[in-house]
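Have a look at final_10.csv below; it lists CSV, C-alpha atoms and all ligand atoms.
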```
chain,number,residue,atom,x,y,z
R,120,MET,CA,78.0,125.8,92.2
R,121,LYS,CA,78.9,129.0,94.0
R,122,VAL,CA,81.7,127.9,96.3
R,123,GLY,CA,83.0,130.0,99.2
R,124,VAL,CA,86.4,128.9,100.3
R,125,LEU,CA,87.4,130.1,103.8
R,126,GLY,CA,91.1,130.5,104.1
R,127,SER,CA,94.2,131.9,102.4
R,128,GLY,CA,96.7,129.2,102.9
R,129,ASP,CA,97.9,126.5,100.4
R,130,VAL,CA,94.9,124.3,100.8
R,131,ALA,CA,92.4,127.1,100.3
R,132,LYS,CA,94.2,128.3,97.2
R,133,VAL,CA,94.6,124.8,95.7
R,134,LEU,CA,91.0,124.0,96.2
R,135,ALA,CA,89.7,127.4,95.1
R,136,THR,CA,91.7,127.0,91.8
R,137,GLY,CA,90.4,123.5,91.4
R,138,PHE,CA,86.8,124.6,91.8
R,139,LEU,CA,87.4,127.3,89.2
R,140,ASN,CA,89.1,124.9,86.8
R,141,HIS,CA,86.1,122.5,87.2
R,142,GLY,CA,83.7,125.3,86.2
R,143,HIS,CA,82.4,126.5,89.6
R,144,ASP,CA,82.1,130.2,90.7
R,145,VAL,CA,84.5,130.8,93.6
R,146,MET,CA,84.9,133.5,96.2
R,147,MET,CA,87.8,133.1,98.7
R,148,GLY,CA,87.2,134.5,102.2
R,149,THR,CA,90.1,135.8,104.4
R,150,ARG,CA,90.9,138.2,107.2
R,151,SER,CA,93.6,139.6,105.0
R,152,ALA,CA,92.9,140.0,101.3
R,153,ALA,CA,96.4,141.1,100.6
R,154,LYS,CA,97.6,137.5,101.1
R,155,LEU,CA,95.5,136.5,98.1
R,156,SER,CA,96.4,139.3,95.6
R,157,GLU,CA,98.7,137.0,93.7
R,158,TRP,CA,96.0,134.3,93.5
R,159,GLU,CA,93.5,136.9,92.3
R,160,THR,CA,96.0,138.0,89.5
R,161,LYS,CA,96.5,134.4,88.4
R,162,ASN,CA,92.8,133.6,88.6
R,163,PRO,CA,90.9,136.6,87.3
R,164,SER,CA,87.5,134.8,87.3
R,165,GLY,CA,87.9,134.2,91.1
R,166,ARG,CA,86.8,136.6,93.7
R,167,VAL,CA,88.2,137.5,97.1
R,168,GLY,CA,86.3,138.9,100.1
R,169,SER,CA,85.9,138.6,103.8
R,170,LEU,CA,85.1,135.3,105.5
R,171,GLU,CA,81.5,136.7,105.8
R,172,ASP,CA,81.4,137.7,102.1
R,173,ALA,CA,82.5,134.3,101.0
R,174,ALA,CA,80.0,132.4,103.3
R,175,LYS,CA,77.2,134.6,102.1
R,176,PHE,CA,78.1,134.1,98.5
R,177,ALA,CA,78.3,130.3,98.8
R,178,ASP,CA,76.0,127.4,98.1
R,179,LEU,CA,78.8,125.2,99.2
R,180,VAL,CA,81.3,126.4,101.8
R,181,VAL,CA,84.9,124.9,102.1
R,182,LEU,CA,86.7,125.4,105.4
R,183,ALA,CA,90.4,125.5,104.9
R,184,VAL,CA,91.9,127.3,107.8
R,185,LYS,CA,94.3,126.3,110.6
R,186,GLY,CA,92.6,123.8,112.9
R,187,THR,CA,93.1,126.0,116.0
R,188,ALA,CA,91.3,128.8,114.1
R,189,ALA,CA,88.4,126.8,112.7
R,190,LEU,CA,85.8,128.0,115.2
R,191,ASP,CA,86.9,131.6,115.0
R,192,ALA,CA,86.8,131.5,111.2
R,193,LEU,CA,83.3,130.1,111.2
R,194,ARG,CA,82.1,132.6,113.7
R,195,ALA,CA,83.5,135.4,111.5
R,196,ALA,CA,81.8,133.8,108.5
R,197,GLY,CA,78.5,134.1,110.5
R,198,GLU,CA,76.2,131.4,111.6
R,199,ALA,CA,73.3,132.7,109.5
R,200,ASN,CA,75.5,132.5,106.4
R,201,LEU,CA,76.2,128.9,107.0
R,202,LYS,CA,72.7,127.8,107.8
R,203,GLY,CA,71.6,124.8,105.8
R,204,LYS,CA,74.7,124.8,103.6
R,205,PRO,CA,77.1,121.9,103.0
R,206,VAL,CA,80.5,122.7,104.6
R,207,ILE,CA,83.4,120.6,103.3
R,208,ASP,CA,85.8,120.6,106.3
R,209,SER,CA,89.4,120.1,105.2
R,210,THR,CA,90.8,121.0,108.6
R,211,ASN,CA,92.9,119.0,111.0
R,212,PRO,CA,93.2,119.6,114.8
R,213,ILE,CA,96.9,120.0,114.8
R,214,ALA,CA,98.3,121.3,118.1
R,215,ASP,CA,100.8,124.1,118.2
R,216,VAL,CA,103.7,121.8,119.2
R,217,PRO,CA,106.4,120.2,117.0
R,218,PRO,CA,105.9,116.6,115.8
R,219,ARG,CA,107.6,113.9,117.9
R,220,ASN,CA,109.5,111.3,115.9
R,221,GLY,CA,107.4,112.5,112.9
R,222,VAL,CA,104.1,112.2,114.7
R,223,LEU,CA,101.9,115.3,115.0
R,224,SER,CA,100.0,116.1,118.2
R,225,PHE,CA,96.3,116.9,118.1
R,226,PHE,CA,94.3,119.1,120.4
R,227,SER,CA,91.2,116.9,119.9
R,228,SER,CA,90.7,113.5,121.5
R,229,LEU,CA,89.7,110.1,120.2
R,230,ASP,CA,86.3,110.7,121.8
R,231,GLU,CA,85.6,114.0,120.1
R,232,SER,CA,87.0,115.1,116.7
R,233,LEU,CA,87.3,118.7,115.6
R,234,MET,CA,84.5,118.3,113.1
R,235,GLU,CA,82.1,117.2,115.9
R,236,ILE,CA,83.0,120.3,117.8
R,237,LEU,CA,82.3,122.4,114.7
R,238,GLN,CA,79.0,120.6,114.1
R,239,ARG,CA,78.0,121.1,117.7
R,240,GLU,CA,78.7,124.8,117.6
R,241,PHE,CA,77.0,125.3,114.2
R,242,PRO,CA,74.2,122.8,114.3
R,243,ASP,CA,72.5,124.2,111.2
R,244,ALA,CA,75.5,123.8,108.9
R,245,ARG,CA,76.0,120.5,107.2
R,246,PHE,CA,79.6,119.5,107.7
R,247,VAL,CA,81.4,116.8,105.6
R,248,LYS,CA,85.0,115.9,106.4
R,249,ALA,CA,87.0,115.6,103.2
R,250,PHE,CA,90.4,116.6,101.8
R,251,ASN,CA,92.1,116.4,105.2
R,252,SER,CA,94.1,113.2,104.6
R,253,VAL,CA,96.2,114.2,101.6
R,254,GLY,CA,98.8,116.9,100.8
R,255,ASN,CA,97.5,119.9,99.0
R,256,ALA,CA,99.6,119.2,95.9
R,257,ARG,CA,97.5,116.1,95.2
R,258,MET,CA,94.0,117.3,96.2
R,259,VAL,CA,92.9,118.2,92.7
R,260,ASN,CA,93.3,115.8,89.7
R,261,PRO,CA,95.7,113.4,91.6
R,262,GLN,CA,97.7,111.1,89.4
R,263,PHE,CA,99.0,107.8,90.8
R,264,ASN,CA,100.3,104.6,89.2
R,265,GLY,CA,98.1,102.7,91.6
R,266,GLY,CA,94.9,104.2,90.2
R,267,LYS,CA,92.4,106.6,91.8
R,268,PRO,CA,93.1,107.4,95.5
R,269,THR,CA,90.4,107.1,98.1
R,270,MET,CA,89.0,110.1,100.0
R,271,PHE,CA,87.4,109.1,103.3
R,272,ILE,CA,84.5,111.3,104.2
R,273,CYS,CA,81.9,111.5,106.9
R,274,GLY,CA,79.1,113.7,108.1
R,275,ASN,CA,75.5,113.7,109.5
R,276,ASP,CA,73.7,114.9,106.3
R,277,ASP,CA,73.4,112.6,103.3
R,278,GLY,CA,72.6,115.5,100.9
R,279,ALA,CA,75.8,117.3,101.9
R,280,LYS,CA,77.8,114.1,101.5
R,281,LYS,CA,76.3,113.6,98.0
R,282,THR,CA,77.5,117.1,97.1
R,283,ALA,CA,80.9,116.4,98.5
R,284,THR,CA,81.0,113.0,96.6
R,285,GLU,CA,80.1,114.8,93.3
R,286,ILE,CA,82.9,117.3,93.8
R,287,LEU,CA,85.4,114.4,94.7
R,288,ASP,CA,84.3,112.6,91.5
R,289,GLN,CA,85.0,115.8,89.5
R,290,PHE,CA,88.4,116.2,91.2
R,291,GLY,CA,89.4,112.6,90.4
R,292,TRP,CA,88.9,110.8,93.7
R,293,GLU,CA,86.9,107.7,94.7
R,294,THR,CA,85.0,108.3,97.9
R,295,ALA,CA,84.6,106.1,100.9
R,296,ASP,CA,81.7,107.2,103.1
R,297,MET,CA,82.5,106.3,106.7
R,298,GLY,CA,79.1,107.4,108.1
R,299,LYS,CA,78.2,110.1,110.6
R,300,ALA,CA,80.3,112.9,112.2
R,301,GLU,CA,81.8,110.6,114.9
R,302,ALA,CA,83.8,108.9,112.1
R,303,ALA,CA,85.9,112.1,111.9
R,304,ARG,CA,87.6,110.7,115.1
R,305,ALA,CA,89.2,108.1,112.7
R,306,ILE,CA,89.5,110.2,109.6
R,307,GLU,CA,91.2,113.2,111.1
R,308,PRO,CA,94.2,111.1,112.4
R,309,LEU,CA,94.8,109.9,108.9
R,310,CYS,CA,96.5,113.3,108.6
R,311,MET,CA,99.0,112.2,111.3
R,312,LEU,CA,99.7,109.0,109.4
R,313,TRP,CA,100.0,110.8,106.0
R,314,CYS,CA,102.5,113.3,107.5
R,315,ILE,CA,104.9,110.7,109.1
R,316,PRO,CA,106.7,110.0,105.8
R,317,VAL,CA,106.9,113.8,105.2
R,318,PHE,CA,108.6,114.4,108.6
R,319,LEU,CA,110.8,111.3,108.6
R,320,ARG,CA,111.8,111.0,105.0
R,321,ASN,CA,110.6,114.1,103.2
R,322,GLU,CA,108.2,112.0,101.1
R,323,TYR,CA,104.9,113.6,100.3
R,324,THR,CA,103.8,112.0,97.0
R,325,HIS,CA,101.5,109.4,98.5
R,326,ALA,CA,97.7,109.1,99.2
R,327,PHE,CA,95.5,106.4,100.7
R,328,LYS,CA,93.5,103.8,98.8
R,329,LEU,CA,90.9,101.5,100.3
R,330,LEU,CA,91.2,98.0,98.7
R,331,THR,CA,88.2,95.8,98.7
N,401,LIG,N1,98.8,121.9,104.0
N,401,LIG,C1,98.3,120.7,103.5
N,401,LIG,O1,98.8,120.1,102.5
N,401,LIG,C2,97.0,120.2,104.2
N,401,LIG,C3,96.5,119.0,103.7
N,401,LIG,C4,95.3,118.5,104.3
N,401,LIG,C5,94.7,119.3,105.2
N,401,LIG,N2,95.2,120.4,105.7
N,401,LIG,C6,94.5,121.2,106.7
N,401,LIG,O2,93.9,122.3,106.0
N,401,LIG,C7,93.9,123.5,106.8
N,401,LIG,C8,94.6,124.6,106.0
N,401,LIG,O3,95.9,124.3,105.9
N,401,LIG,P1,97.0,125.3,105.2
N,401,LIG,O4,98.3,124.5,105.2
N,401,LIG,O5,96.5,125.7,103.9
N,401,LIG,O6,97.0,126.5,106.1
N,401,LIG,P2,97.3,126.8,107.6
N,401,LIG,O7,98.7,127.4,107.7
N,401,LIG,O8,97.1,125.6,108.5
N,401,LIG,O9,96.2,127.9,108.0
N,401,LIG,C9,96.3,129.2,107.3
N,401,LIG,C10,94.9,129.8,107.4
N,401,LIG,O10,94.4,129.8,108.7
N,401,LIG,C11,93.8,131.1,108.9
N,401,LIG,N3,93.7,131.5,110.2
N,401,LIG,C12,94.8,131.4,111.1
N,401,LIG,N4,94.4,132.0,112.3
N,401,LIG,C13,93.1,132.4,112.1
N,401,LIG,C14,92.1,133.0,113.0
N,401,LIG,N5,92.4,133.3,114.3
N,401,LIG,N6,90.9,133.3,112.5
N,401,LIG,C15,90.6,133.0,111.2
N,401,LIG,N7,91.5,132.4,110.3
N,401,LIG,C16,92.7,132.1,110.8
N,401,LIG,C17,94.5,132.0,108.0
N,401,LIG,O11,93.6,133.0,107.7
N,401,LIG,P3,93.8,134.5,107.2
N,401,LIG,O12,93.8,134.3,105.7
N,401,LIG,O13,92.7,135.3,107.6
N,401,LIG,O14,95.2,134.9,107.7
N,401,LIG,C18,94.9,131.1,106.8
N,401,LIG,O15,93.9,131.2,105.9
N,401,LIG,C19,94.5,123.1,108.1
N,401,LIG,O16,93.5,122.8,109.0
N,401,LIG,C20,95.3,121.9,107.8
N,401,LIG,O17,95.5,121.0,108.9
N,401,LIG,C21,96.4,120.9,105.2
```

Translate this file's structure into structure tokens.
Ligand SMILES: NC(=O)c1ccc[n+]([C@@H]2O[C@H](COP(=O)([O-])OP(=O)(O)OC[C@H]3O[C@@H](n4cnc5c(N)ncnc54)[C@H](OP(=O)(O)O)[C@@H]3O)[C@@H](O)[C@H]2O)c1
Amino acid sequence: MKVGVLGSGDVAKVLATGFLNHGHDVMMGTRSAAKLSEWETKNPSGRVGSLEDAAKFADLVVLAVKGTAALDALRAAGEANLKGKPVIDSTNPIADVPPRNGVLSFFSSLDESLMEILQREFPDARFVKAFNSVGNARMVNPQFNGGKPTMFICGNDDGAKKTATEILDQFGWETADMGKAEAARAIEPLCMLWCIPVFLRNEYTHAFKLLT
């Protein structure tokens, strides 16, 4: 697939490299291409452009920017360039305040997740929440003694969720579909839970698994 990854942070770089290594065409989109010059050197088959360039290029968009900047980044990508496309949303609504006893604060509420806000603002894009509940080091080809970890996803469009599930299969995950966009109210806070051992004990080699 032609994948446009919006962002220049660790998540954007890890996912973009993962897509390249799994045989996809990738363009990263950023406000500041200089931040990605090292990534470009290491990944000569990958491309770097503006947020708009990457969204235009994409059949599949991946949103990997700071949660507080998600709306701005999508606006810069351009509504028309997102229309009808699956958008894998890796973002978390982390507020700009320090964690308290290891617990992050969110700027969203339990009655409205960040992904619902994005879906409402961009009704023609097909958002799927994914990759938000694990550290970037284990997003692609994760290895755990306990077997394949579970990625919880949700979104309103079944076709987009099928695309996300195929990508997650390729990347070595099992997928648990939690339903429509409202389920992001439960999936986004998994980030808070995942981060507690990081802040309290500097442990970050874990992931979630749904046992049935
Ligand atoms: N770090 C992890 O392991 C992890 C794991 C799961 C989920 N997440 C989530 O994934 C997302 C990315 O995380 P990260 O740690 O890679 O990076 P980050 O530090 O949360 O965000 C950096 C990115 O945000 C963009 N950005 C900041 N302000 C912006 C604005 N006003 N307009 C447009 N873009 C703006 C930057 O864009 P420019 O390139 O244009 O400067 C940069 O690409 C976050 O929502 C985070 O919560 C992170």

Legend entry - Test item: residues lying within 8 Å of ligand LIG 401 (chain N) with only C-alpha atoms and all ligand atoms, as number ranges by chain: R: 125-132, 148-152, 154, 170, 182-193, 195, 209-213, 250-256, 310

Inset, instruction - Please indicate the distance in Å from CA of Leu201 in chain R to CA of Arg166 in chain R, rounded to one decimal place. - result: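 One can read the CA of Leu201 in chain R to CA of Arg166 in chain R distance as 18.7 Å.
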
Per-residue nearest contacts of range 169-252 of chain R to range 290-302 of chain R (9 Å; only C-alpha atoms) as a Markdown table:
```
| residue | atom | partner | partner_atom | distance |
| --- | --- | --- | --- | --- |
| R:Asp230 | CA | R:Glu301 | CA | 8.2 |
| R:Glu231 | CA | R:Glu301 | CA | 7.3 |
| R:Ser232 | CA | R:Glu301 | CA | 7.1 |
| R:Met234 | CA | R:Ala300 | CA | 6.9 |
| R:Glu235 | CA | R:Ala300 | CA | 6.0 |
| R:Gln238 | CA | R:Ala300 | CA | 8.0 |
| R:Phe246 | CA | R:Ala300 | CA | 8.0 |
| R:Val247 | CA | R:Ala300 | CA | 7.7 |
| R:Lys248 | CA | R:Ala300 | CA | 8.0 |
```

Inset, instruction - Excluding Val124 in chain R and residues on its chain fewer than 2 positions from it, collect all residues at most 6 Å away from it, counting only C-alpha atoms, and give them as a ChimeraX atom specification. - result: /R:147-148,180-181

Inset, instruction - Give me, please, the distance in Å between CA of Pro268 in chain R and CA of Thr136 in chain R, quoted to one decimal. - result: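 Taking CA of Pro268 in chain R and CA of Thr136 in chain R, their separation equals 20.0 Å.
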